[in-house]
Amino acid sequence: MRNWMLQAPMNEQSQAAGQVFAAVWAARNLSLLPHETPRWQFLQWLTGQGYLLHGSEQPGITRFEPRTPFDLSPDEFSKRTGVFAASDALWAMMYALGDRARVARILNMALQVAQGTDWSAPRYFLSFAPRHAGVTDGRSLLSPGLVYVLPADGFERMPPYDWPGLGRVLEPHWVSPEAVTPLWSVPVSPADFPLPVRLHDAARVDALSGSDPWGFPWLGDSD
C-alpha cells in the first residue's frame with residue numbers, strides 16, 4: 001500500500017443496525033436513523049443491498065443523463081459516455097461534498113488491492129484544487145450535498161486491472177450507457193465525511209499526469 005492511501009473507520013454493523021437501516025430505507029425517512037450513526041454507514045449498507053450511489057451538490061435531480069467526463073485516469077473505462085455510480089459510500093460522498101464554487105478540480109480514489117486470492121479493505125484519497133489562493137485546509141472546501149440512490153440495473157462494473165508498482169486493483173466504479181432515474185436522495189454534510197482532505201495545484205497535476213499517467217496522485221517526494 002502507498003502511505004497516502006487512507007482506510008475508513010471500522011464499520012461493523014450489528015443485526016439491530018441492519019434492521020434500523022432497513023426501516024429507514026423502506027420509509028425513505030432519515031429521521032429514523034439514530035443521530036449517533038454515521039450517515040456513510042447507512043449509505044454503505046444500501047450498496048450491500050444491491051443499490052448504487054451518485055454524489056452531487058445539485059438537489060432535485062430526477063433523471064441522470066449520460067455524459068462524457070473530464071478524467072485524468074489512464075484507463076478508458078473512466079472516459080466512457082454514461083451515467084457513473086459507485087458501490088462505495090465514501091467515494092460517492094467525495095463528489096457530493098466538494099464545493100464547486102470554491103474547488104477548481106477534484107482528485108480522488110477508492111480501490112481495493114489484490115492480496116493473494118482476496119482483496120484488501122477499501123483505500124481512499126481525496127484532494128481539492130482551490131479556485132482561490134490562501135486556502136490551507138482541504139476540509140474547509142467541503143459543503144453540503146446529496147448522495148442519490150440508483151438502481152443497479154443496466155450498470156456495468158469496471159473490471160479489475162493492473163496498476164504498475166501497486167498490483168491488481170478493483171474500483172467500486174460503475175457506468176450505465178442509458179439515462180437513470182434515482183430512487184431517493186440522502187443529504188450529507190461535511191461532518192459526515194470521516195477522512196482527511198488534501199490540497200493540490202490543478203496545473204501541476206495536469207502536467208504531471210500527462211508525463212506520468214500512473215503517478216497518481218502526483219504528490220511531492222516528501223509525501
# chains A, B, ... in the order shown; residues from 1 in each chain; ligands from 1

call {"tool": "residues_around", "arguments": {"residues": "A:Ser176", "least_positions_apart": "3", "cutoff": "9 Å", "atoms": "only C-alpha atoms", "output": "PDB file with C-alpha atoms, in the first residue's frame"}}
result
ATOM      1  CA  PRO A  66     -25.222  10.046 -19.927  1.00  0.00           C
ATOM      2  CA  THR A  81     -20.022   8.359 -22.036  1.00  0.00           C
ATOM      3  CA  GLY A  82     -22.609   7.285 -19.482  1.00  0.00           C
ATOM      4  CA  VAL A  83     -24.065   7.717 -16.016  1.00  0.00           C
ATOM      5  CA  PHE A  84     -21.420   6.915 -13.417  1.00  0.00           C
ATOM      6  CA  ALA A  85     -22.084   5.492  -9.964  1.00  0.00           C
ATOM      7  CA  ALA A 152     -28.104  -1.193 -10.397  1.00  0.00           C
ATOM      8  CA  ASP A 153     -29.988  -2.426 -13.479  1.00  0.00           C
ATOM      9  CA  GLY A 154     -28.121  -1.614 -16.684  1.00  0.00           C
ATOM     10  CA  PHE A 155     -24.846  -0.735 -14.937  1.00  0.00           C
ATOM     11  CA  GLU A 156     -21.517  -2.399 -15.696  1.00  0.00           C
ATOM     12  CA  ALA A 179     -30.279   7.552 -18.506  1.00  0.00           C
ATOM     13  CA  VAL A 180     -31.079   6.604 -14.905  1.00  0.00           C
TER      14      VAL A 180
END

call {"tool": "residues_around", "arguments": {"residues": "stretch 95-100 of chain A", "least_positions_apart": "3", "cutoff": "8 Å", "atoms": "only C-alpha atoms", "output": "number ranges by chain"}}
result
A: 54-57, 91-92, 103-104, 106, 128, 141-147, 188-190

call {"tool": "write_last_selection", "arguments": {"atoms": "N, CA and C atoms", "output": "mmCIF file, in the first residue's frame"}}
result
data_model
loop_
_atom_site.group_PDB
_atom_site.id
_atom_site.type_symbol
_atom_site.label_atom_id
_atom_site.label_comp_id
_atom_site.auth_asym_id
_atom_site.auth_seq_id
_atom_site.Cartn_x
_atom_site.Cartn_y
_atom_site.Cartn_z
ATOM 1 N N HIS A 54 -24.611 7.924 -6.319
ATOM 2 C CA HIS A 54 -24.067 9.012 -7.146
ATOM 3 C C HIS A 54 -24.082 10.295 -6.332
ATOM 4 N N GLY A 55 -22.915 10.872 -6.078
ATOM 5 C CA GLY A 55 -22.830 12.088 -5.293
ATOM 6 C C GLY A 55 -22.899 13.331 -6.158
ATOM 7 N N SER A 56 -23.617 14.340 -5.686
ATOM 8 C CA SER A 56 -23.752 15.591 -6.417
ATOM 9 C C SER A 56 -24.068 16.709 -5.425
ATOM 10 N N GLU A 57 -23.636 17.928 -5.746
ATOM 11 C CA GLU A 57 -24.030 19.073 -4.922
ATOM 12 C C GLU A 57 -25.379 19.630 -5.367
ATOM 13 N N TRP A 91 -16.737 7.129 -1.458
ATOM 14 C CA TRP A 91 -16.365 7.648 -2.776
ATOM 15 C C TRP A 91 -17.479 8.515 -3.345
ATOM 16 N N ALA A 92 -18.722 8.073 -3.200
ATOM 17 C CA ALA A 92 -19.850 8.885 -3.673
ATOM 18 C C ALA A 92 -19.916 10.212 -2.923
ATOM 19 N N VAL A 103 -13.896 25.038 -5.536
ATOM 20 C CA VAL A 103 -12.990 23.956 -5.931
ATOM 21 C C VAL A 103 -12.872 23.918 -7.448
ATOM 22 N N ALA A 104 -11.655 24.074 -7.955
ATOM 23 C CA ALA A 104 -11.427 24.038 -9.396
ATOM 24 C C ALA A 104 -11.354 22.612 -9.920
ATOM 25 N N ILE A 106 -11.217 18.205 -8.542
ATOM 26 C CA ILE A 106 -11.231 17.168 -7.512
ATOM 27 C C ILE A 106 -10.345 16.018 -7.966
ATOM 28 N N PHE A 128 -8.446 18.526 -3.127
ATOM 29 C CA PHE A 128 -9.092 19.596 -3.881
ATOM 30 C C PHE A 128 -8.047 20.589 -4.379
ATOM 31 N N LEU A 141 -13.103 23.264 2.200
ATOM 32 C CA LEU A 141 -13.720 23.330 0.881
ATOM 33 C C LEU A 141 -14.873 22.333 0.730
ATOM 34 N N LEU A 142 -15.198 21.644 1.805
ATOM 35 C CA LEU A 142 -16.370 20.768 1.800
ATOM 36 C C LEU A 142 -17.630 21.591 2.017
ATOM 37 N N SER A 143 -18.724 21.171 1.406
ATOM 38 C CA SER A 143 -20.019 21.830 1.598
ATOM 39 C C SER A 143 -21.120 20.782 1.492
ATOM 40 N N PRO A 144 -22.316 21.063 1.997
ATOM 41 C CA PRO A 144 -23.385 20.064 1.949
ATOM 42 C C PRO A 144 -23.736 19.642 0.522
ATOM 43 N N GLY A 145 -24.123 18.392 0.384
ATOM 44 C CA GLY A 145 -24.521 17.860 -0.917
ATOM 45 C C GLY A 145 -25.496 16.714 -0.743
ATOM 46 N N LEU A 146 -25.654 15.935 -1.796
ATOM 47 C CA LEU A 146 -26.587 14.810 -1.756
ATOM 48 C C LEU A 146 -25.960 13.577 -2.375
ATOM 49 N N VAL A 147 -26.325 12.435 -1.835
ATOM 50 C CA VAL A 147 -25.965 11.156 -2.440
ATOM 51 C C VAL A 147 -27.252 10.531 -2.954
ATOM 52 N N VAL A 188 -26.038 14.912 2.761
ATOM 53 C CA VAL A 188 -24.825 14.689 3.538
ATOM 54 C C VAL A 188 -24.159 16.035 3.794
ATOM 55 N N SER A 189 -23.414 16.114 4.880
ATOM 56 C CA SER A 189 -22.747 17.356 5.257
ATOM 57 C C SER A 189 -21.260 17.083 5.472
ATOM 58 N N PRO A 190 -20.425 18.127 5.534
ATOM 59 C CA PRO A 190 -19.002 17.912 5.790
ATOM 60 C C PRO A 190 -18.732 17.087 7.048
#

call {"tool": "select_by_dssp", "arguments": {"residues": "stretch 11-221 of chain A", "states": "alpha helix (DSSP H)", "output": "ChimeraX atom specification"}}
result
/A:15-27,39-48,89-97,202-211

call {"tool": "residues_around", "arguments": {"residues": "A:Ser120", "least_positions_apart": "5", "cutoff": "12 Å", "atoms": "only C-alpha atoms", "output": "short mmCIF file (atom, residue, chain, number, x, y, z; two decimals) with C-alpha atoms, in the first residue's frame"}}
result
data_model
loop_
_atom_site.label_atom_id
_atom_site.label_comp_id
_atom_site.auth_asym_id
_atom_site.auth_seq_id
_atom_site.Cartn_x
_atom_site.Cartn_y
_atom_site.Cartn_z
CA MET A 1 0.00 0.00 0.00
CA MET A 5 -3.92 5.64 0.89
CA GLN A 7 -8.65 3.46 5.26
CA ALA A 110 -11.33 4.47 -3.97
CA LEU A 111 -9.96 0.99 -4.64
CA GLN A 112 -9.00 -2.39 -3.24
CA VAL A 113 -5.68 -4.11 -3.86
CA ALA A 114 -5.36 -7.83 -4.53
CA GLN A 115 -3.90 -9.78 -1.60
CA GLY A 167 -0.59 -4.67 -8.36
CA ARG A 168 -4.06 -5.83 -9.28
CA VAL A 169 -6.72 -3.35 -8.17
CA LEU A 170 -10.52 -3.18 -8.13
CA GLU A 171 -12.54 0.04 -8.08
#

call {"tool": "decode", "arguments": {"residues": "stretch 50-177 of chain A", "atoms": "C-alpha atoms", "output": "compact mmCIF listing (two decimals), in the first residue's frame"}}
result
# COMPACT_ATOMS: atom_id res chain seq x y z
CA GLY A 50 -27.54 -4.02 -4.38
CA TYR A 51 -28.01 -0.29 -4.92
CA LEU A 52 -25.50 2.17 -6.37
CA LEU A 53 -24.71 5.74 -5.33
CA HIS A 54 -24.07 9.01 -7.15
CA GLY A 55 -22.83 12.09 -5.29
CA SER A 56 -23.75 15.59 -6.42
CA GLU A 57 -24.03 19.07 -4.92
CA GLN A 58 -27.14 19.65 -7.04
CA PRO A 59 -30.50 18.98 -5.36
CA GLY A 60 -33.69 17.84 -7.04
CA ILE A 61 -32.20 15.68 -9.80
CA THR A 62 -34.95 13.43 -11.17
CA ARG A 63 -33.04 11.91 -14.10
CA PHE A 64 -29.34 11.39 -14.79
CA GLU A 65 -28.36 11.66 -18.44
CA PRO A 66 -25.22 10.05 -19.93
CA ARG A 67 -22.25 12.40 -20.22
CA THR A 68 -18.56 12.22 -21.07
CA PRO A 69 -16.48 13.15 -18.01
CA PHE A 70 -13.21 15.06 -17.82
CA ASP A 71 -10.88 12.42 -16.44
CA LEU A 72 -7.09 12.18 -15.98
CA SER A 73 -7.05 8.41 -15.35
CA PRO A 74 -5.01 6.26 -17.75
CA ASP A 75 -7.88 3.78 -18.20
CA GLU A 76 -10.58 4.02 -20.87
CA PHE A 77 -13.46 2.93 -18.62
CA SER A 78 -13.43 6.25 -16.75
CA LYS A 79 -13.71 8.16 -20.02
CA ARG A 80 -16.87 6.45 -21.29
CA THR A 81 -20.02 8.36 -22.04
CA GLY A 82 -22.61 7.29 -19.48
CA VAL A 83 -24.07 7.72 -16.02
CA PHE A 84 -21.42 6.92 -13.42
CA ALA A 85 -22.08 5.49 -9.96
CA ALA A 86 -20.22 3.92 -7.06
CA SER A 87 -20.75 0.90 -4.86
CA ASP A 88 -18.84 2.71 -2.10
CA ALA A 89 -20.42 5.36 0.12
CA LEU A 90 -17.30 7.38 0.89
CA TRP A 91 -16.36 7.65 -2.78
CA ALA A 92 -19.85 8.88 -3.67
CA MET A 93 -19.67 11.41 -0.83
CA MET A 94 -16.45 12.86 -2.25
CA TYR A 95 -18.42 14.03 -5.29
CA ALA A 96 -21.33 15.25 -3.18
CA LEU A 97 -19.32 17.37 -0.75
CA GLY A 98 -16.87 19.28 -2.96
CA ASP A 99 -17.91 22.95 -3.19
CA ARG A 100 -17.66 23.61 -6.95
CA ALA A 101 -17.80 27.38 -6.36
CA ARG A 102 -14.50 27.14 -4.47
CA VAL A 103 -12.99 23.96 -5.93
CA ALA A 104 -11.43 24.04 -9.40
CA ARG A 105 -10.64 20.31 -9.56
CA ILE A 106 -11.23 17.17 -7.51
CA LEU A 107 -8.62 14.40 -7.34
CA ASN A 108 -9.89 11.26 -5.67
CA MET A 109 -9.65 7.50 -5.49
CA ALA A 110 -11.33 4.47 -3.97
CA LEU A 111 -9.96 0.99 -4.64
CA GLN A 112 -9.00 -2.39 -3.24
CA VAL A 113 -5.68 -4.11 -3.86
CA ALA A 114 -5.36 -7.83 -4.53
CA GLN A 115 -3.90 -9.78 -1.60
CA GLY A 116 -3.48 -13.37 -2.66
CA THR A 117 -6.94 -14.67 -3.52
CA ASP A 118 -8.70 -11.86 -1.64
CA TRP A 119 -8.99 -8.06 -1.78
CA SER A 120 -7.78 -5.54 0.76
CA ALA A 121 -10.09 -3.24 2.64
CA PRO A 122 -11.00 -0.20 0.52
CA ARG A 123 -8.38 2.56 0.36
CA TYR A 124 -9.18 6.21 -0.32
CA PHE A 125 -7.69 9.54 -1.34
CA LEU A 126 -9.29 12.98 -1.70
CA SER A 127 -7.68 16.27 -2.67
CA PHE A 128 -9.09 19.60 -3.88
CA ALA A 129 -7.51 22.24 -6.09
CA PRO A 130 -8.82 25.59 -4.74
CA ARG A 131 -10.05 28.26 -7.14
CA HIS A 132 -8.55 30.99 -4.97
CA ALA A 133 -5.25 31.42 -3.14
CA GLY A 134 -4.96 31.33 0.61
CA VAL A 135 -6.71 28.03 1.32
CA THR A 136 -4.73 25.97 3.82
CA ASP A 137 -7.30 23.38 4.95
CA GLY A 138 -8.83 20.97 2.46
CA ARG A 139 -11.83 20.26 4.67
CA SER A 140 -12.76 23.95 4.53
CA LEU A 141 -13.72 23.33 0.88
CA LEU A 142 -16.37 20.77 1.80
CA SER A 143 -20.02 21.83 1.60
CA PRO A 144 -23.39 20.06 1.95
CA GLY A 145 -24.52 17.86 -0.92
CA LEU A 146 -26.59 14.81 -1.76
CA VAL A 147 -25.96 11.16 -2.44
CA TYR A 148 -28.52 9.78 -4.88
CA VAL A 149 -29.50 6.12 -4.63
CA LEU A 150 -29.70 4.41 -8.02
CA PRO A 151 -30.95 1.01 -9.20
CA ALA A 152 -28.10 -1.19 -10.40
CA ASP A 153 -29.99 -2.43 -13.48
CA GLY A 154 -28.12 -1.61 -16.68
CA PHE A 155 -24.85 -0.74 -14.94
CA GLU A 156 -21.52 -2.40 -15.70
CA ARG A 157 -18.70 -2.55 -13.13
CA MET A 158 -15.17 -1.59 -14.07
CA PRO A 159 -13.15 -4.84 -14.28
CA PRO A 160 -10.01 -5.35 -12.16
CA TYR A 161 -6.82 -4.02 -13.74
CA ASP A 162 -3.07 -3.88 -13.13
CA TRP A 163 -1.64 -0.72 -11.57
CA PRO A 164 2.14 -0.62 -12.26
CA GLY A 165 4.04 -0.85 -9.00
CA LEU A 166 0.92 -1.50 -6.94
CA GLY A 167 -0.59 -4.67 -8.36
CA ARG A 168 -4.06 -5.83 -9.28
CA VAL A 169 -6.72 -3.35 -8.17
CA LEU A 170 -10.52 -3.18 -8.13
CA GLU A 171 -12.54 0.04 -8.08
CA PRO A 172 -16.20 0.39 -6.96
CA HIS A 173 -16.79 2.14 -10.30
CA TRP A 174 -19.91 1.54 -12.41
CA VAL A 175 -21.35 3.02 -15.59
CA SER A 176 -24.66 2.84 -17.44
CA PRO A 177 -24.91 3.90 -21.09
